[in-house]
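Student: File work20.cif follows (mmCIF, C-alpha atoms):
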```
data_target
loop_
_atom_site.label_atom_id
_atom_site.label_comp_id
_atom_site.auth_asym_id
_atom_site.auth_seq_id
_atom_site.Cartn_x
_atom_site.Cartn_y
_atom_site.Cartn_z
CA MET M 206 7.00 -18.97 7.90
CA GLU M 207 3.79 -19.79 9.75
CA LYS M 208 0.66 -18.93 7.79
CA GLN M 209 -1.39 -16.15 9.38
CA THR M 210 -4.89 -17.25 10.32
CA GLN M 211 -8.00 -15.47 9.11
CA TYR M 212 -11.66 -15.47 10.06
CA LEU M 213 -13.64 -13.22 7.74
CA PHE M 214 -17.14 -11.77 7.97
CA THR M 215 -18.80 -9.46 5.42
CA SER M 216 -21.70 -7.00 5.45
CA GLU M 217 -23.11 -4.80 2.68
CA VAL M 218 -25.04 -1.53 2.58
CA VAL M 219 -26.97 0.26 -0.16
CA SER M 220 -27.63 3.97 -0.48
CA PRO M 221 -31.05 5.67 -0.58
CA GLY M 222 -30.69 5.77 -4.36
CA HIS M 223 -30.83 1.99 -4.69
CA PRO M 224 -34.24 1.01 -6.15
CA ASP M 225 -35.13 -1.18 -3.15
CA LYS M 226 -34.41 1.72 -0.81
CA CYS M 227 -36.38 4.08 -3.05
CA ALA M 228 -39.37 1.78 -2.52
CA ASP M 229 -38.79 1.76 1.27
CA ILE M 230 -38.43 5.53 1.43
CA ILE M 231 -41.55 6.19 -0.64
CA ALA M 232 -43.55 3.73 1.49
CA ASP M 233 -42.39 5.37 4.72
CA SER M 234 -43.01 8.86 3.31
CA ILE M 235 -46.64 7.73 3.03
CA VAL M 236 -46.54 6.46 6.63
CA ASP M 237 -45.18 9.84 7.78
CA LYS M 238 -47.80 11.79 5.86
CA LEU M 239 -50.71 9.78 7.24
CA ILE M 240 -49.56 9.49 10.87
CA ILE M 241 -48.64 13.18 11.12
CA ALA M 242 -52.15 14.02 9.87
CA ASP M 243 -53.85 11.34 11.99
CA LYS M 244 -51.77 9.58 14.65
CA ASP M 245 -54.25 6.68 14.68
CA SER M 246 -53.67 5.90 11.01
CA ARG M 247 -53.15 2.25 10.21
CA VAL M 248 -50.87 1.77 7.22
CA ALA M 249 -49.35 -1.07 5.23
CA SER M 250 -48.50 0.51 1.88
CA GLU M 251 -46.10 -1.59 -0.18
CA VAL M 252 -44.25 0.01 -3.08
CA PHE M 253 -42.89 -1.48 -6.29
CA VAL M 254 -40.56 0.57 -8.47
CA ALA M 255 -39.86 -0.68 -11.99
CA GLY M 256 -38.62 1.40 -14.87
CA LYS M 257 -40.58 4.67 -14.81
CA HIS M 258 -43.45 3.14 -12.85
CA VAL M 259 -44.14 3.40 -9.12
CA VAL M 260 -46.94 1.13 -7.90
CA ILE M 261 -48.40 1.70 -4.41
CA GLY M 262 -50.52 -1.10 -3.00
CA GLY M 263 -51.75 -2.34 0.36
CA GLU M 264 -54.17 -1.21 3.07
CA VAL M 265 -54.83 2.09 4.82
CA LYS M 266 -57.25 3.23 7.53
CA SER M 267 -57.00 6.95 8.27
CA SER M 268 -59.03 10.11 8.67
CA ALA M 269 -56.46 11.74 6.39
CA LEU M 270 -57.92 11.24 2.95
CA LEU M 271 -55.24 11.46 0.28
CA SER M 272 -55.99 11.69 -3.42
CA ASN M 273 -54.00 10.09 -6.18
CA LYS M 274 -52.43 13.51 -6.79
CA ASP M 275 -51.34 13.60 -3.15
CA TYR M 276 -49.66 10.21 -3.49
CA GLU M 277 -48.00 11.31 -6.71
CA LYS M 278 -46.55 14.36 -4.93
CA ILE M 279 -45.26 12.17 -2.07
CA VAL M 280 -43.49 9.96 -4.62
CA LEU M 281 -41.92 12.84 -6.57
CA ASP M 282 -40.83 14.67 -3.42
CA ALA M 283 -39.24 11.50 -2.03
CA LEU M 284 -37.39 10.79 -5.28
CA ALA M 285 -36.14 14.39 -5.49
CA LYS M 286 -34.79 14.23 -1.94
CA ILE M 287 -33.06 10.93 -2.73
CA GLY M 288 -31.32 12.58 -5.68
CA TYR M 289 -33.53 11.72 -8.65
CA ASP M 290 -34.44 15.34 -9.26
CA GLY M 291 -33.63 15.62 -12.97
CA LYS M 292 -30.65 17.90 -12.32
CA SER M 293 -27.80 15.41 -12.70
CA ALA M 294 -25.60 14.93 -15.75
CA PHE M 295 -27.14 11.51 -16.44
CA THR M 296 -29.57 11.23 -19.34
CA LYS M 297 -33.17 10.01 -19.13
CA GLU M 298 -32.01 6.69 -20.50
CA GLN M 299 -29.29 6.33 -17.86
CA CYS M 300 -31.29 7.08 -14.71
CA LEU M 301 -34.78 7.92 -13.51
CA HIS M 302 -36.02 11.46 -14.19
CA PRO M 303 -39.01 12.90 -12.29
CA ASP M 304 -40.94 14.10 -15.33
CA ASP M 305 -41.10 10.51 -16.62
CA VAL M 306 -42.46 8.93 -13.42
CA LYS M 307 -45.87 7.29 -13.59
CA VAL M 308 -47.62 6.56 -10.27
CA GLN M 309 -50.33 3.94 -9.82
CA VAL M 310 -52.26 3.77 -6.53
CA LEU M 311 -53.89 0.46 -5.53
CA LEU M 312 -54.71 1.01 -1.85
CA ASN M 313 -57.60 -0.63 -0.01
CA GLN M 314 -59.20 -0.11 3.41
CA GLN M 315 -57.66 -2.12 6.23
CA SER M 316 -59.73 -5.16 7.20
CA PRO M 317 -62.01 -4.52 10.22
CA ASP M 318 -61.09 -8.05 11.36
CA ILE M 319 -57.56 -6.78 12.06
CA ASN M 320 -58.64 -3.44 13.49
CA GLN M 321 -60.94 -4.95 16.13
CA GLY M 322 -57.95 -6.62 17.76
CA VAL M 323 -55.56 -3.68 17.42
CA ASP M 324 -57.55 -0.75 18.87
CA GLN M 325 -58.95 -2.24 22.08
CA VAL M 326 -61.67 -0.74 24.29
CA ASP M 327 -59.38 -0.36 27.31
CA GLY M 328 -56.97 1.80 25.32
CA GLU M 329 -54.45 -1.00 24.87
CA ILE M 330 -53.03 -1.71 21.43
CA GLY M 331 -53.04 -5.30 20.25
CA ALA M 332 -50.29 -6.46 17.95
CA GLY M 333 -51.15 -5.63 14.35
CA ASP M 334 -49.96 -9.06 13.29
CA GLN M 335 -48.31 -12.18 14.61
CA GLY M 336 -44.58 -12.45 14.16
CA ILE M 337 -41.06 -12.73 15.51
CA MET M 338 -38.54 -9.89 15.90
CA PHE M 339 -34.85 -9.93 16.78
CA GLY M 340 -32.74 -7.15 18.27
CA PHE M 341 -28.96 -7.34 18.50
CA ALA M 342 -26.09 -5.39 20.01
CA SER M 343 -22.35 -5.90 20.02
CA SER M 344 -19.44 -4.32 21.88
CA GLU M 345 -17.42 -4.13 18.64
CA THR M 346 -18.12 -0.43 18.01
CA ALA M 347 -19.04 2.68 19.98
CA ASP M 348 -22.64 2.54 18.77
CA PHE M 349 -22.95 -1.13 19.83
CA MET M 350 -23.30 -2.33 16.26
CA PRO M 351 -21.22 -5.02 14.52
CA ALA M 352 -18.07 -3.83 12.81
CA ALA M 353 -18.60 -4.78 9.15
CA ILE M 354 -21.98 -3.09 8.70
CA THR M 355 -20.83 -0.04 10.67
CA TYR M 356 -17.88 0.52 8.35
CA ALA M 357 -19.93 -0.27 5.23
CA ARG M 358 -22.43 2.39 6.32
CA MET M 359 -19.66 4.92 6.88
CA LEU M 360 -18.38 4.36 3.35
CA CYS M 361 -21.84 4.42 1.80
CA ASP M 362 -22.73 7.66 3.57
CA LYS M 363 -19.49 9.28 2.43
CA VAL M 364 -19.90 8.36 -1.24
CA TYR M 365 -23.65 9.07 -1.30
CA ASN M 366 -23.28 12.52 0.25
CA TYR M 367 -20.56 13.34 -2.27
CA ALA M 368 -22.82 12.17 -5.11
CA LEU M 369 -25.66 14.40 -3.89
CA LYS M 370 -23.39 17.44 -4.00
CA HIS M 371 -21.56 16.47 -7.20
CA ASN M 372 -24.28 15.08 -9.43
CA GLN M 373 -22.28 16.02 -12.50
CA LYS M 374 -19.87 13.23 -11.60
CA LEU M 375 -21.55 10.48 -9.57
CA GLY M 376 -25.04 9.01 -9.33
CA VAL M 377 -26.85 8.07 -6.13
CA ASP M 378 -27.43 4.31 -6.72
CA ILE M 379 -24.51 3.14 -4.58
CA LYS M 380 -23.49 -0.12 -2.87
CA THR M 381 -20.67 -0.71 -0.40
CA GLN M 382 -19.37 -3.88 1.20
CA VAL M 383 -16.82 -4.46 3.94
CA THR M 384 -15.11 -7.68 4.97
CA VAL M 385 -13.65 -7.69 8.47
CA ASP M 386 -10.86 -10.06 9.48
CA TYR M 387 -11.21 -11.32 13.05
CA GLY M 388 -8.08 -13.43 12.82
CA THR M 389 -9.74 -16.38 14.54
CA LYS M 390 -13.25 -17.65 15.24
CA ALA M 391 -12.55 -17.05 18.95
CA ASN M 392 -11.99 -13.36 18.22
CA PHE M 393 -15.26 -13.27 16.29
CA GLU M 394 -17.13 -14.82 19.19
CA ASN M 395 -15.48 -12.37 21.61
CA CYS M 396 -16.29 -9.29 19.49
CA ASN M 397 -12.64 -8.59 18.73
CA PRO M 398 -12.21 -7.54 15.08
CA GLN M 399 -8.60 -7.19 13.91
CA LYS M 400 -8.67 -5.27 10.64
CA ILE M 401 -10.63 -4.41 7.51
CA HIS M 402 -9.71 -7.07 4.97
CA THR M 403 -11.67 -6.02 1.85
CA ILE M 404 -13.69 -3.00 0.70
CA VAL M 405 -16.04 -2.98 -2.30
CA VAL M 406 -17.63 0.25 -3.57
CA SER M 407 -19.83 0.54 -6.63
CA ALA M 408 -21.07 4.00 -7.62
CA PRO M 409 -22.41 5.16 -11.01
CA SER M 410 -20.36 7.75 -12.83
CA VAL M 411 -21.06 9.88 -15.89
CA GLU M 412 -19.81 8.23 -19.05
CA THR M 413 -17.31 11.02 -19.77
CA MET M 414 -15.25 10.12 -16.68
CA PRO M 415 -12.49 7.57 -17.34
CA ILE M 416 -12.59 4.63 -14.94
CA GLU M 417 -9.14 5.61 -13.60
CA GLU M 418 -10.52 9.01 -12.56
CA VAL M 419 -13.58 7.40 -10.97
CA ARG M 420 -11.46 5.02 -8.95
CA GLU M 421 -9.09 7.76 -7.82
CA LEU M 422 -12.06 9.89 -6.71
CA ILE M 423 -13.73 7.10 -4.75
CA GLN M 424 -10.42 5.98 -3.24
CA GLY M 425 -10.06 9.49 -1.84
CA LEU M 426 -13.56 9.25 -0.35
CA ILE M 427 -12.70 5.90 1.24
CA ASP M 428 -9.55 7.36 2.78
CA ASP M 429 -11.54 10.31 4.13
CA ALA M 430 -14.53 8.32 5.44
CA GLY M 431 -13.28 8.17 9.02
CA LEU M 432 -12.57 4.45 9.19
CA PRO M 433 -10.60 3.63 12.36
CA PRO M 434 -6.87 3.79 11.55
CA HIS M 435 -6.19 0.64 13.56
CA MET M 436 -8.67 -1.19 11.31
CA TYR M 437 -8.02 0.35 7.89
CA ASP M 438 -4.64 0.31 6.19
CA LYS M 439 -4.79 1.53 2.60
CA LYS M 440 -1.65 -0.42 1.71
CA SER M 441 -2.86 -3.81 2.92
CA THR M 442 -6.65 -3.61 2.52
CA ILE M 443 -7.99 -5.18 -0.68
CA ILE M 444 -10.09 -2.52 -2.43
CA HIS M 445 -12.47 -3.04 -5.37
CA ILE M 446 -13.94 0.14 -6.85
CA ASN M 447 -16.49 -0.31 -9.64
CA PRO M 448 -14.94 -3.72 -10.32
CA THR M 449 -16.81 -4.28 -13.60
CA GLY M 450 -15.38 -1.05 -14.96
CA ARG M 451 -18.22 0.88 -16.60
CA TYR M 452 -21.15 1.72 -14.31
CA VAL M 453 -23.27 4.47 -15.86
CA ASN M 454 -26.82 3.13 -16.19
CA HIS M 455 -28.57 2.90 -12.82
CA SER M 456 -31.79 3.49 -10.83
CA SER M 457 -35.08 1.66 -11.34
CA LEU M 458 -34.66 2.00 -15.09
CA HIS M 459 -32.09 -0.76 -14.86
CA ASP M 460 -32.95 -2.62 -11.62
CA SER M 461 -36.41 -2.84 -10.07
CA GLY M 462 -37.07 -2.08 -6.40
CA LEU M 463 -39.47 -3.51 -3.82
CA THR M 464 -40.36 -2.60 -0.25
CA GLY M 465 -38.71 -4.76 2.40
CA ARG M 466 -36.05 -6.38 0.27
CA LYS M 467 -33.06 -5.05 2.22
CA LEU M 468 -33.74 -6.47 5.70
CA ILE M 469 -30.13 -7.44 6.41
CA VAL M 470 -28.90 -4.03 5.25
CA ASP M 471 -31.54 -2.36 7.42
CA SER M 472 -30.63 -4.30 10.56
CA PHE M 473 -27.39 -5.96 11.64
CA GLY M 474 -25.58 -6.93 8.46
CA GLY M 475 -26.03 -10.68 8.88
CA TYR M 476 -24.50 -10.88 12.36
CA ALA M 477 -27.87 -11.77 13.91
CA PRO M 478 -31.17 -13.41 12.95
CA ILE M 479 -33.86 -11.19 11.48
CA GLY M 480 -37.62 -11.27 12.00
CA GLY M 481 -40.25 -12.50 9.64
CA GLY M 482 -41.22 -9.14 8.15
CA ALA M 483 -39.96 -5.76 6.99
CA GLN M 484 -40.33 -2.50 8.87
CA SER M 485 -40.85 0.01 6.08
CA SER M 486 -44.42 0.70 4.89
CA LYS M 487 -45.98 -0.18 8.27
CA ASP M 488 -47.44 1.90 11.08
CA TYR M 489 -46.25 1.48 14.67
CA THR M 490 -48.89 -1.12 15.64
CA LYS M 491 -47.23 -3.56 13.25
CA VAL M 492 -44.78 -5.34 15.54
CA ASP M 493 -42.43 -6.08 12.66
CA ARG M 494 -41.49 -2.43 13.16
CA SER M 495 -42.10 -1.62 16.83
CA GLY M 496 -40.95 -5.03 18.07
CA LEU M 497 -37.59 -4.65 16.32
CA TYR M 498 -37.09 -1.24 17.94
CA ALA M 499 -37.87 -2.61 21.39
CA ALA M 500 -35.63 -5.65 20.93
CA ARG M 501 -32.74 -3.49 19.75
CA TRP M 502 -33.24 -1.12 22.71
CA ILE M 503 -33.09 -4.01 25.18
CA SER M 504 -30.08 -5.70 23.59
CA LYS M 505 -28.19 -2.41 23.44
CA HIS M 506 -28.85 -1.78 27.14
CA ILE M 507 -27.63 -5.28 28.04
CA VAL M 508 -24.30 -4.75 26.27
CA ALA M 509 -23.87 -1.11 27.33
CA ALA M 510 -24.47 -2.10 30.96
CA GLY M 511 -21.59 -4.58 30.72
CA LEU M 512 -23.84 -7.62 31.16
CA ALA M 513 -22.57 -9.25 27.96
CA LYS M 514 -20.26 -8.61 25.02
CA LYS M 515 -23.14 -9.20 22.62
CA ALA M 516 -26.81 -10.04 22.90
CA THR M 517 -29.68 -11.18 20.72
CA VAL M 518 -33.21 -10.50 21.98
CA GLN M 519 -36.20 -12.26 20.45
CA ILE M 520 -39.77 -11.05 20.96
CA SER M 521 -42.87 -12.72 19.49
CA TYR M 522 -46.52 -11.67 19.27
CA ALA M 523 -49.97 -12.98 18.38
CA ILE M 524 -52.26 -10.80 16.29
CA GLY M 525 -54.65 -8.77 18.43
CA VAL M 526 -52.85 -9.71 21.68
CA ALA M 527 -50.98 -6.94 23.48
CA ARG M 528 -48.44 -8.83 25.59
CA PRO M 529 -45.67 -10.74 23.81
CA THR M 530 -46.07 -14.49 23.54
CA SER M 531 -42.37 -14.88 24.32
CA VAL M 532 -39.22 -12.93 25.17
CA SER M 533 -35.74 -14.45 25.19
CA VAL M 534 -32.18 -13.20 25.59
CA ASP M 535 -29.21 -15.02 24.05
CA THR M 536 -25.76 -13.66 24.86
CA MET M 537 -24.02 -16.50 22.99
CA GLY M 538 -21.99 -17.33 26.08
CA SER M 539 -20.64 -13.78 26.45
CA TYR M 540 -22.59 -12.86 29.62
CA THR M 541 -20.69 -11.57 32.64
CA LYS M 542 -22.81 -11.49 35.85
CA PHE M 543 -26.10 -13.15 34.94
CA ASP M 544 -26.89 -15.98 32.57
CA ASP M 545 -29.44 -15.85 29.76
CA ASP M 546 -32.23 -17.29 31.92
CA LYS M 547 -31.83 -14.50 34.46
CA LEU M 548 -31.61 -11.80 31.79
CA SER M 549 -34.69 -13.11 29.97
CA GLN M 550 -36.70 -13.19 33.18
CA PHE M 551 -35.56 -9.67 34.09
CA VAL M 552 -36.73 -8.29 30.74
CA MET M 553 -40.11 -10.03 30.97
CA ASP M 554 -40.66 -8.84 34.54
CA THR M 555 -39.53 -5.25 33.97
CA PHE M 556 -40.92 -4.18 30.60
CA SER M 557 -44.45 -4.91 29.34
CA LEU M 558 -43.37 -4.65 25.66
CA THR M 559 -46.94 -4.17 24.46
CA PRO M 560 -47.31 -2.17 21.25
CA ARG M 561 -48.78 0.67 23.35
CA TRP M 562 -45.78 0.64 25.73
CA ILE M 563 -43.33 0.64 22.83
CA THR M 564 -45.27 3.38 21.02
CA GLN M 565 -45.28 5.65 24.07
CA LYS M 566 -41.68 4.87 24.98
CA PHE M 567 -40.33 5.92 21.60
CA ALA M 568 -43.16 8.31 20.54
CA LEU M 569 -43.74 6.20 17.45
CA ASP M 570 -47.10 7.89 16.84
CA LYS M 571 -45.45 11.33 16.67
CA PRO M 572 -42.96 11.37 13.81
CA SER M 573 -41.66 14.84 13.01
CA GLY M 574 -38.71 16.71 11.63
CA LYS M 575 -37.57 17.44 15.19
CA THR M 576 -37.62 13.83 16.40
CA PHE M 577 -37.52 11.29 13.58
CA LEU M 578 -39.25 10.60 10.31
CA TYR M 579 -39.94 7.08 9.15
CA ALA M 580 -38.71 7.96 5.66
CA ASP M 581 -35.37 9.04 7.13
CA VAL M 582 -35.16 5.77 9.07
CA ALA M 583 -35.84 3.88 5.83
CA ALA M 584 -32.97 5.74 4.17
CA ARG M 585 -30.43 5.34 6.98
CA GLY M 586 -31.23 1.90 8.40
CA GLN M 587 -33.73 0.82 11.02
CA VAL M 588 -31.18 0.57 13.84
CA GLY M 589 -27.75 1.84 14.81
CA GLN M 590 -28.24 5.60 14.36
CA SER M 591 -27.67 7.40 17.67
CA ASP M 592 -30.41 9.99 17.15
CA TYR M 593 -33.24 7.42 16.92
CA PRO M 594 -35.39 7.27 20.09
CA TRP M 595 -34.92 3.49 20.34
CA GLU M 596 -31.13 3.94 20.38
CA LYS M 597 -31.13 6.06 23.56
CA LEU M 598 -29.50 4.47 26.61
CA ASP M 599 -32.03 6.07 28.92
CA GLU M 600 -32.60 3.24 31.40
CA LEU M 601 -29.10 1.91 31.98
CA ASP M 602 -29.55 2.12 35.74
CA LYS M 603 -32.22 -0.60 35.66
CA PHE M 604 -29.88 -2.96 33.84
CA GLU M 605 -26.85 -2.08 35.93
CA ASN M 606 -28.78 -2.74 39.14
CA ILE M 607 -30.37 -6.09 38.37
#
```
Would you encode the structure as structure tokens?
Tutor:
Amino acid sequence: MEKQTQYLFTSEVVSPGHPDKCADIIADSIVDKLIIADKDSRVASEVFVAGKHVVIGGEVKSSALLSNKDYEKIVLDALAKIGYDGKSAFTKEQCLHPDDVKVQVLLNQQSPDINQGVDQVDGEIGAGDQGIMFGFASSETADFMPAAITYARMLCDKVYNYALKHNQKLGVDIKTQVTVDYGTKANFENCNPQKIHTIVVSAPSVETMPIEEVRELIQGLIDDAGLPPHMYDKKSTIIHINPTGRYVNHSSLHDSGLTGRKLIVDSFGGYAPIGGGAQSSKDYTKVDRSGLYAARWISKHIVAAGLAKKATVQISYAIGVARPTSVSVDTMGSYTKFDDDKLSQFVMDTFSLTPRWITQKFALDKPSGKTFLYADVAARGQVGQSDYPWEKLDELDKFENI
């Protein structure tokens, strides 16, 4: 019998309850608070979560003056929304409880050397830093995201939402991982996944639940997660659920968290390059954030317009300079009508891609519960969610009529 060929690719996702994501969410809750109060706020507030301690450091320039008590409330509210509200069946030794949290604030004023290049006299916004950003899109799924991270997110969302509603059984510090089999490298290059090969789910459970019961519960959640039936076959997919067996102790009590440490999880699951900096903790003038959104928007339009099966868009900036220093499109040989040179030139000629243009395009200076909140973006991933402004296919006609 001829051996069946395989070409495997894996992506992972972590839930909002993972300590790294707690740090991201707290940092972006601060960004939301300051920008909603003063849209011209300049923020770079890094967060470190270790044990019962939450340390907030970095730089802020804002007319919204927050006290240490204000920052402490932001932290506690964010943790409660994540699921660390003290109401679960886990003890204070097993996971973080709000009445134990100690907040330390070490924020400074943003350097005027940076600000003089960002807020320019003509109303333009200079890039808040130099850097490179990459956007990516693929025809593998309906939301133009790669398959493995899409399915890993579906599983993580399913288990996390169950844990929020059933905190007497599961905790919220969850990780999922999906391996997709493309069959051949050619299928991988042509965005043609064949099946889900392996699923890994790790979710904390109360110590009174036998591991067999935990695995049966999570298996049911996997089956009900909405994975495409042509991709997921319970009988043939390799499934690891809490593979070490006992998983009770979790949260920052047992694993520290730091802002910006889940860049692959936040973006494209390893299918594409990533930029030099994180998005969370930063205001919209920081091109690590706004540049990623613009690059994703462009790449998604290229693929949705049928100009390529997949596309990577790189944008780079110099600090204090509004226009990008470079823009490039790489379709990895999957283009249809126009080659990468033509596509790159079209993007440069059509869209200014200054921080001000990006900010106005996606209303990045107006976060709200009705549009988007940066803390919600930190929790759900920086790209790939259809309700984000930078995921809207609102200028397809321009791409279709090159």
Student: For this structure, which residues satisfy the selection - the PyMOL selection byres ((chain M and resi 546-550) around 9) - when it is evaluated on the file as given? I want them as a ChimeraX atom specification.
Tutor: /M:507,512,518,532-535,543-545,551-555,607
Student: Could the residues in this selection be written to a file with C-alpha atoms, as a compact mmCIF listing (two decimals), in the frame of the given file?
Tutor:
```txt
# COMPACT_ATOMS: atom_id res chain seq x y z
CA ILE M 507 -27.63 -5.28 28.04
CA LEU M 512 -23.84 -7.62 31.16
CA VAL M 518 -33.21 -10.50 21.98
CA VAL M 532 -39.22 -12.93 25.17
CA SER M 533 -35.74 -14.45 25.19
CA VAL M 534 -32.18 -13.20 25.59
CA ASP M 535 -29.21 -15.02 24.05
CA PHE M 543 -26.10 -13.15 34.94
CA ASP M 544 -26.89 -15.98 32.57
CA ASP M 545 -29.44 -15.85 29.76
CA PHE M 551 -35.56 -9.67 34.09
CA VAL M 552 -36.73 -8.29 30.74
CA MET M 553 -40.11 -10.03 30.97
CA ASP M 554 -40.66 -8.84 34.54
CA THR M 555 -39.53 -5.25 33.97
CA ILE M 607 -30.37 -6.09 38.37
```
Student: Quick one: everything within 12 Å of M:Gln314, counting all atoms listed in the file, minus sequence neighbours fewer than 4 positions away in the same chain. Send it as a list of chain:residue names.
Tutor: M:Ser246, M:Arg247, M:Val248, M:Ala249, M:Ser250, M:Gly262, M:Gly263, M:Glu264, M:Val265, M:Lys266, M:Ser267, M:Ser268, M:Leu270, M:Asp318, M:Ile319, M:Asn320
Student: Write the residues you've just listed into a file as a short mmCIF file (atom, residue, chain, number, x, y, z; two decimals), in the coordinates of the input, and include C-alpha atoms for each of them.
Tutor:
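As written to disk, selection_31.cif reads:
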```cif
data_model
loop_
_atom_site.label_atom_id
_atom_site.label_comp_id
_atom_site.auth_asym_id
_atom_site.auth_seq_id
_atom_site.Cartn_x
_atom_site.Cartn_y
_atom_site.Cartn_z
CA SER M 246 -53.67 5.90 11.01
CA ARG M 247 -53.15 2.25 10.21
CA VAL M 248 -50.87 1.77 7.22
CA ALA M 249 -49.35 -1.07 5.23
CA SER M 250 -48.50 0.51 1.88
CA GLY M 262 -50.52 -1.10 -3.00
CA GLY M 263 -51.75 -2.34 0.36
CA GLU M 264 -54.17 -1.21 3.07
CA VAL M 265 -54.83 2.09 4.82
CA LYS M 266 -57.25 3.23 7.53
CA SER M 267 -57.00 6.95 8.27
CA SER M 268 -59.03 10.11 8.67
CA LEU M 270 -57.92 11.24 2.95
CA ASP M 318 -61.09 -8.05 11.36
CA ILE M 319 -57.56 -6.78 12.06
CA ASN M 320 -58.64 -3.44 13.49
#
```
Student: Give me, as a tab-separated table, each residue of stretch 301-415 of chain M that comes within 9 Å of stretch 478-500 of chain M, together with its shortest interatomic pair and the distance in Å at one decimal, counting all atoms listed in the file, with rows ordered by chain and rising residue number.
Tutor:
```
residue	atom	partner	partner_atom	distance
M:Val323	CA	M:Thr490	CA	7.4
M:Ile330	CA	M:Thr490	CA	7.1
M:Gly331	CA	M:Thr490	CA	7.5
M:Ala332	CA	M:Thr490	CA	6.0
M:Gly333	CA	M:Lys491	CA	4.6
M:Asp334	CA	M:Lys491	CA	6.1
M:Gln335	CA	M:Val492	CA	7.8
M:Gly336	CA	M:Gly481	CA	6.3
M:Ile337	CA	M:Gly480	CA	5.1
M:Met338	CA	M:Gly480	CA	4.2
M:Phe339	CA	M:Ile479	CA	5.5
M:Gly340	CA	M:Ala500	CA	4.2
M:Phe341	CA	M:Ala500	CA	7.3
```
Student: In Å to one decimal, how far is atom CA of M:Glu421 from atom CA of M:Ser407?
Tutor: 13.0 Å
Student: Interatomic distance between atom CA of M:Thr210 and atom CA of M:Thr389?
Tutor: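 Interatomic distance here is 6.5 Å.
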Student: Please evaluate the PyMOL selection byres ((chain M and resi 294) around 8) against the displayed coordinates and give the resulting residues as a list in words.
Tutor: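 Selected by the PyMOL selection byres ((chain M and resi 294) around 8) here: Lys292, Ser293, Phe295, Thr296, Asn372, Gln373, Lys374 and Val411 of chain M.
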Student: Would you list the contacts of M:Gln299 as a VMD selection string, taking every protein, DNA or RNA residue within 12 Å and counting only C-alpha atoms, but skipping same-chain residues closer than 4 positions in sequence?
Tutor: chain M and resid 256 to 257 289 291 293 to 295 376 378 409 to 412 452 to 460
Student: Could you list, as a list in words, every residue within 10 Å of M:Leu432, counting only C-alpha atoms and ignoring same-chain residues fewer than 2 positions away?
Tutor: Thr355, Tyr356, Ala357, Met359, Leu360, Ile401, Ile427, Asp428, Asp429, Ala430, Pro434, His435, Met436, Tyr437 and Asp438 of chain M
Student: Mind dumping the selected residues with C-alpha atoms as a PDB file, in the coordinates of the input?
Tutor:
```
ATOM      1  CA  THR M 355     -20.830  -0.040  10.670  1.00  0.00           C
ATOM      2  CA  TYR M 356     -17.880   0.520   8.350  1.00  0.00           C
ATOM      3  CA  ALA M 357     -19.930  -0.270   5.230  1.00  0.00           C
ATOM      4  CA  MET M 359     -19.660   4.920   6.880  1.00  0.00           C
ATOM      5  CA  LEU M 360     -18.380   4.360   3.350  1.00  0.00           C
ATOM      6  CA  ILE M 401     -10.630  -4.410   7.510  1.00  0.00           C
ATOM      7  CA  ILE M 427     -12.700   5.900   1.240  1.00  0.00           C
ATOM      8  CA  ASP M 428      -9.550   7.360   2.780  1.00  0.00           C
ATOM      9  CA  ASP M 429     -11.540  10.310   4.130  1.00  0.00           C
ATOM     10  CA  ALA M 430     -14.530   8.320   5.440  1.00  0.00           C
ATOM     11  CA  PRO M 434      -6.870   3.790  11.550  1.00  0.00           C
ATOM     12  CA  HIS M 435      -6.190   0.640  13.560  1.00  0.00           C
ATOM     13  CA  MET M 436      -8.670  -1.190  11.310  1.00  0.00           C
ATOM     14  CA  TYR M 437      -8.020   0.350   7.890  1.00  0.00           C
ATOM     15  CA  ASP M 438      -4.640   0.310   6.190  1.00  0.00           C
TER      16      ASP M 438
END
```
Student: Evaluate the PyMOL selection byres ((chain M and resi 286) around 12) and record the selected residues as a ChimeraX atom specification, following the chain and residue labels used in the document.
Tutor: /M:221-222,227,230-231,234,279-285,287-292,303,366,369,377,580-581,584
Student: Could you tell me which of M:Asp348, M:Thr464, M:Cys361, M:His445 comes closest to M:Lys597 if we count all atoms listed in the file?
Tutor: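 That would be M:Asp348, the residue with the smallest distance to M:Lys597.
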Student: Please determine, counting only C-alpha atoms, which residue among M:Val218, M:Leu239, M:Ala583, M:Val508 has the shortest atom-to-atom distance to M:Cys396.
Tutor: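 Among M:Val218, M:Leu239, M:Ala583, M:Val508, it is M:Val508 that comes nearest to M:Cys396.
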Student: Have a look at atom CA of M:Val406 and atom CA of M:Glu418 and let me know their distance in Å, one decimal.
Tutor: 14.4 Å
Student: For M:Arg585, which residue out of M:Leu312, M:Ile563, M:Val470, M:Leu601 is the nearest one, using only C-alpha atoms?
Tutor: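 The shortest atom-to-atom distance to M:Arg585 comes from M:Val470.
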Student: Excluding M:Phe214 and its own-chain neighbours fewer than 4 positions away, which residues fall within 8 Å of it when counting all atoms listed in the file? Please give them as an NGL selection string.
Tutor: :M and (353 or 384-387)
Student: For M:His402, which of M:Thr517, M:Gln590, M:Thr442, M:Ser472 is the closest residue, counting all atoms listed in the file?
Tutor: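 Checking each candidate against M:His402, we get M:Thr442 as the closest.
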Student: For M:Ala342, which residue out of M:Gln565, M:Ala509, M:Ser591, M:Tyr579 is the nearest one, using only C-alpha atoms?
Tutor: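 Of the candidates, the smallest distance to M:Ala342 is held by M:Ala509.
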Student: Select, from M:Leu375, M:Tyr522, M:Ser461, M:Pro433, the residue with the minimum atom-to-atom distance to M:Thr413, counting all atoms listed in the file.
Tutor: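 Of M:Leu375, M:Tyr522, M:Ser461, M:Pro433, the one nearest M:Thr413, counting all atoms listed in the file, is M:Leu375.
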